[in-house]
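Colleague: My questions all concern the structure below.
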Amino acid sequence: MMIIFESQSLIANALGVLLCIVVLRWLWKVINFVWFTPKSLEKSLQQQGLVGNSYRFLIGDMKEASQLRSEAMVKPIPFTHDYYHRIQPLLHRLLTKSGSKNCFSWMGPVPTILITQSEQIKDGFNRMNEFRKPKLNPLIQTFSTGLVNYEGHQWAKHRKILNPAFHLDKLKLMLPAFETSVIETLNNWEKIVSKTGSSELDVWPHFTKLTADAISRAAFGSSFDDGRRIFELLTEQKELIIRLIKYSYIPGWKYIPTKGKKRMDEMNAEIKTLLKTVINTRKNAMEAGELAKDDLLGILLDSNSKEAKQLSERESETSSKKRLDLAMSFQEVIDECKLFFLAGQETTSVLLAWTVTLLGKHQEWQTRAREEVLATFGMKRPDFDGLNSRLKIVTMILYEVLRLYPSIVATSRKVYDCETKLGDLVIPPGVAISFSILHAHLDPEVWGNDVKEFKPDRFSEGISKATKGINSYFPFGWGPRICIGQSFALIEAKMALSMILQRFSFEISPSYTHAPSTFIALQPQHGVPVILHKL
């Protein structure tokens with residue numbers, strides 16, 4: 001009996017020791033992550049001449065950055081294309097303090113190097129296996145996933161399956177969807193100005209609705225009413241994230257079940273249900289023998305089905321589970337449909353908003369663009385060939401707008417596995433990178449001393465000539481991960497702008513307030529009020 005008792009006591013002691021070891025190892029990992037690793041990385045970055053704030057336990061620069069940005073958002077600026085100090089006041093301060101082109105800041109315990117030099121940005125974009133997408137904040141992850149956030153095999157699989165949906169021959173078939181949405185918007189404008197021939201109108205909400213309708217029709221065809229509801233929910237989610245993200249620096253906040261997070265979960269469930277219904281309906285119709293429709297969903301499902309079939313035939317010896325992994329799962333199809341809305345709608349709506357803003361200020365370019373549109377199409381519906389290859393002035397204008405007001409002003413990557421060189425910098429694992437597209441677009445060494453002026457004719461001989469052979473133009477990213485939907489966005493914008501110019505002239509209203517702001521895309525914080533004139 002005594003022997004049994006002693007054995008039990010020894011086992012209990014051993015378990016206790018083992019538990020202490022596990023707890024101590026866990027505590028060491030936590031302490032190392034929140035203190036020793038950040039301080040070591042800080043020393044490494046400072047030794048390379050990079051300027052940044054000293055690491056502050058757990059929160060880094062997040063609280064200060066949030067406060068500075070909130071203060072900046074209540075201060076409009078003169079109508080200038082020099083607005084970085086408004087959208088990123090902390091980084092602007094660090095760059096000004098350092099007097100150099102790079103600096104670093106802290107996202108919690110993770111240092112982020114800001115890269116502003118074109119060659120380094122291009123190099124980083126091209127080396128996608130070394131500079132990988134960072135893990136998303138859990139709050140944002142529930143909102144946005146899909147191709148733009150995938151890596152490795154999963155990214156390659158999705159890119160291959162999605163590519164057919166964005167070929168020019170497929171975009172040509174989507175023009176009627178774009179046209180219908182634009183006509184509805186312009187008919188509404190004509191009603192507004194019908195009594196006097198002119199009226200003040202904030203075109204920003206009209207562009208968000210126009211592009212939401214267009215992407216709904218282009219993505220779901222006859223089911224675009226469901227698409228509208230999905231867009232409404234995604235818009236509400238985005239607005240909610242903007243309100244909640246400022247609290248993310250608080251340790252443990254992501255685990256607190258707040259009212260806002262509960263609403264996010266409810267909206268995610270509704271979006272999933274809507275998409276599931278639309279996708280299942282389409283899949284059942286295709287399985288019953290109906291031809292795939294020429295909208296994004298139809299092309300995606302057809303491409304995914306063909307990929308799964310080809311892989312099945314080619315690799316019959318591969319296990320069923322592995323074969324299925326080579327095509328998109330149902331949940332992955334849902335995620336890509338959400339991405340259609342977020343990327344497709346946001347990119348084109350802000351491009352149209354800033355284009356109208358700049359053409360409202362620069363009447364001579366508005367006149368030149370209108371003359372080109374009328375010479376190309378008259379008052380007829382713009383056709384694909386004309387939009388794609390005959391609108392030189394309109395294309396120059398859109399390129400210049402994207403240079404001064406890129407939809408995404410910076411994009412993030414992270415070094416995970418081993419020390420990596422980028423230019424003269426040695427980047428340790430665990431460090432994040434922010435490639436500043438805006439800084440590349442406003443580099444006077446590349447673009448000239450008039451870099452902050454609106455001059456579309458700089459693109460008169462194409463992008464390569466405009467950048468003097470130094471690639472410093474990244475409105476849709478660069479390298480293997482360049483935006484798959486760039487042609488989609490440009491064709492839609494050309495269609496909308498051409499039809500606007502056929503029927504209206506416009507000038508910026510005296511009530512316009514210049515206030516670029518950014519969360520996902522670079523938006524006009526207070527809208528774009530213009531004086532609209534019926535032609």
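Following the order of the structure tokens, first chain is A, next is B, and so on, with residues numbered from 1 inside each chain and ligands from 1 in the order they appear.
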Write out as a ChimeraX atom specification each polymer residue whose atoms come within 12 Å of Glu346 (chain A), counting only C-alpha atoms; drop sequence neighbours fewer than 6 positions from it.

Modeller: /A:204-205,207-212,214-215,231,234-235,238,339-340,352-353,406-408,485,489,493,518-523

Colleague: For Leu501 (chain A), please output as a PyMOL selection string all residues within 8 Å (counting only C-alpha atoms; exclusion window: fewer than 5 positions along the same chain).

Modeller: chain A and resi 369-370+373

Colleague: Name the residues of region 283-439 of chain A that fall into strand (DSSP E or B) according to DSSP on the backbone, using the chain letters and numbers of this document, as a PyMOL selection string.

Modeller: chain A and resi 410-414+420-422+425-427+432-436

Colleague: So which one's closest to Glu307 (chain A), A:Leu162, A:Ile279, A:Met174, A:Ala343? Using only C-alpha atoms, please.

Modeller: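 Under the stated criterion, the closest residue is A:Leu162.
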
Colleague: Which polymer residues have any atom within 9 Å of an atom of Pro480 (chain A), counting only C-alpha atoms, with same-chain residues fewer than 3 positions away left out, as an NGL selection string?

Modeller: :A and (125-128 or 483)
